[in-house]
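All remarks here apply to the structure that follows.
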Amino acid sequence: MAKVAFLLANGFEDSEMKNPYEKVREAGHETTIIGLEKDVECEGKKGTMYTSELAATDVKATDFDAVIIPGGGAPEALRVNDDIVRFVREVNAQSKLIAGICHGPQVMISANVLDGKQATCYVGIRDDVKLAGADFKDEEVVVSENVITSRTPKDEPAFIREILAKLS
């Protein structure tokens, strides 16, 4: 059983959180929602609510096996938080799984984990991903070493499939 962190803030894309979260739990893995603060309700773009279980200041990479970053507007708020960036950078330094869909790779950019890797993302941040040193691929899911990326909600089945394969 893997311990999987989900990074979350207001404005996340509802299905990009809900579907991976439920599938990871159904597969028997332990999930923890990490936010900017502990015990804060985070609201998705379509009204789905989740409560953060831990604050970014309280987490260490050694406590988790993987990090998943849903897209939407949340990654913009997460990427400017030093503790979130530190955590993702440390997870990467330990070669643990980091998965981001849609705008999720924005956090990876700020943590400097995409340099030299292949990645995909929402088309609106494609240039940012390239400038971060990634080899951009316009594909439903891209697996590059410890990083998994996808573009949009329609790519969720492939995104989830690759996450579950890496966790098993």
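If you're wondering about the labels, chains in the structure tokens are A, B, ... by order shown, residues count from 1 in each chain, ligands from 1 in order shown.
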Query raised in the report: How would you write, as a PyMOL selection string, the set of residues in range 44-167 of chain A that DSSP gives as strand (DSSP E)?
Result: chain A and resi 49-51+54-55+66-69+97-101+118-119+135-136+141-144+147-150
Please report, as JSON lines, each residue of range 45-119 of chain A lying at most 12 Å from range 10-13 of chain A, together with the nearest pair of atoms and the separation in Å rounded to one decimal; use only C-alpha atoms, and order rows by chain and ascending residue number.
```
{"residue": "A:Lys45", "atom": "CA", "partner": "A:Gly11", "partner_atom": "CA", "distance": 5.0}
{"residue": "A:Lys46", "atom": "CA", "partner": "A:Glu13", "partner_atom": "CA", "distance": 7.6}
{"residue": "A:Gly47", "atom": "CA", "partner": "A:Gly11", "partner_atom": "CA", "distance": 8.9}
{"residue": "A:Thr48", "atom": "CA", "partner": "A:Glu13", "partner_atom": "CA", "distance": 9.0}
{"residue": "A:Met49", "atom": "CA", "partner": "A:Asn10", "partner_atom": "CA", "distance": 9.0}
{"residue": "A:Tyr50", "atom": "CA", "partner": "A:Asn10", "partner_atom": "CA", "distance": 9.4}
{"residue": "A:Thr51", "atom": "CA", "partner": "A:Asn10", "partner_atom": "CA", "distance": 10.4}
{"residue": "A:Ser52", "atom": "CA", "partner": "A:Asn10", "partner_atom": "CA", "distance": 10.6}
{"residue": "A:Ile69", "atom": "CA", "partner": "A:Phe12", "partner_atom": "CA", "distance": 9.4}
{"residue": "A:Pro70", "atom": "CA", "partner": "A:Phe12", "partner_atom": "CA", "distance": 6.5}
{"residue": "A:Gly71", "atom": "CA", "partner": "A:Glu13", "partner_atom": "CA", "distance": 5.5}
{"residue": "A:Gly72", "atom": "CA", "partner": "A:Glu13", "partner_atom": "CA", "distance": 4.3}
{"residue": "A:Gly73", "atom": "CA", "partner": "A:Gly11", "partner_atom": "CA", "distance": 4.7}
{"residue": "A:Ala74", "atom": "CA", "partner": "A:Phe12", "partner_atom": "CA", "distance": 4.7}
{"residue": "A:Pro75", "atom": "CA", "partner": "A:Phe12", "partner_atom": "CA", "distance": 7.7}
{"residue": "A:Glu76", "atom": "CA", "partner": "A:Gly11", "partner_atom": "CA", "distance": 9.4}
{"residue": "A:Ala77", "atom": "CA", "partner": "A:Asn10", "partner_atom": "CA", "distance": 8.1}
{"residue": "A:Leu78", "atom": "CA", "partner": "A:Asn10", "partner_atom": "CA", "distance": 9.6}
{"residue": "A:Gly100", "atom": "CA", "partner": "A:Glu13", "partner_atom": "CA", "distance": 11.8}
{"residue": "A:Ile101", "atom": "CA", "partner": "A:Glu13", "partner_atom": "CA", "distance": 9.6}
{"residue": "A:Cys102", "atom": "CA", "partner": "A:Glu13", "partner_atom": "CA", "distance": 8.7}
{"residue": "A:His103", "atom": "CA", "partner": "A:Glu13", "partner_atom": "CA", "distance": 9.2}
{"residue": "A:Gly104", "atom": "CA", "partner": "A:Phe12", "partner_atom": "CA", "distance": 9.4}
```
Report task. With a distance cut-off of 10 Å and only C-alpha atoms, select the neighbouring residues of range 118-122 of chain A, excluding the residue or stretch itself and same-chain residues fewer than 2 positions from it, and output the selection as a PyMOL selection string. Result -> chain A and resi 71-72+100-106+114-116+124-130+133-145+147-153
Query raised in the report: A:Lys23, A:Lys154, A:Lys38, A:Lys166: which is nearest Leu7 in chain A, counting only C-alpha atoms?
Result: A:Lys38
Report task. Mind checking which residues fall within 8 Å of Leu54 in chain A, counting only C-alpha atoms, ignoring those fewer than 3 positions away in the same chain, and posting them as a count of residues only? Result -> 9
Query raised in the report: Of the candidates A:Ala61, A:Ile68, A:Leu36, A:Ala111, which shows the shortest atom-to-atom distance to Leu164 in chain A, using only C-alpha atoms?
Result: A:Ile68
Query raised in the report: What residues in chain A get the DSSP label helix (DSSP H, G or I)? Please answer as a VMD selection string.
Result: chain A and resid 14 to 26 56 to 58 61 to 63 74 to 79 82 to 93 105 to 110 123 to 131 153 to 167
Tell me, as a short mmCIF file (atom, residue, chain, number, x, y, z; two decimals) with N, CA, C and O atoms, in the first residue's frame, which residues lie within 6 Å of range 84-92 of chain A, counting only C-alpha atoms; anything in the same chain fewer than 2 positions away does not count.
```cif
data_model
loop_
_atom_site.label_atom_id
_atom_site.label_comp_id
_atom_site.auth_asym_id
_atom_site.auth_seq_id
_atom_site.Cartn_x
_atom_site.Cartn_y
_atom_site.Cartn_z
N ALA A 56 0.99 22.18 4.12
CA ALA A 56 2.26 21.94 3.43
C ALA A 56 3.45 22.08 4.39
O ALA A 56 4.46 21.39 4.23
N ALA A 61 8.83 14.68 2.40
CA ALA A 61 8.82 13.73 1.28
C ALA A 61 8.98 12.30 1.77
O ALA A 61 8.42 11.37 1.17
N ASN A 81 3.66 28.80 -3.09
CA ASN A 81 3.86 28.47 -1.69
C ASN A 81 5.20 27.74 -1.54
O ASN A 81 5.40 26.67 -2.10
N ASP A 82 6.11 28.32 -0.78
CA ASP A 82 7.45 27.75 -0.63
C ASP A 82 7.44 26.33 -0.07
O ASP A 82 8.26 25.50 -0.46
N GLN A 94 13.94 12.21 -4.33
CA GLN A 94 13.88 10.81 -3.90
C GLN A 94 13.34 9.89 -5.00
O GLN A 94 13.07 8.72 -4.77
N SER A 95 13.18 10.45 -6.21
CA SER A 95 12.70 9.71 -7.39
C SER A 95 11.35 9.05 -7.16
O SER A 95 11.05 7.99 -7.72
N LYS A 96 10.52 9.67 -6.35
CA LYS A 96 9.17 9.17 -6.11
C LYS A 96 8.22 9.76 -7.15
O LYS A 96 8.50 10.79 -7.75
N ALA A 111 8.96 23.79 -8.91
CA ALA A 111 9.85 22.93 -8.13
C ALA A 111 11.06 22.46 -8.97
O ALA A 111 11.91 21.73 -8.47
#
```
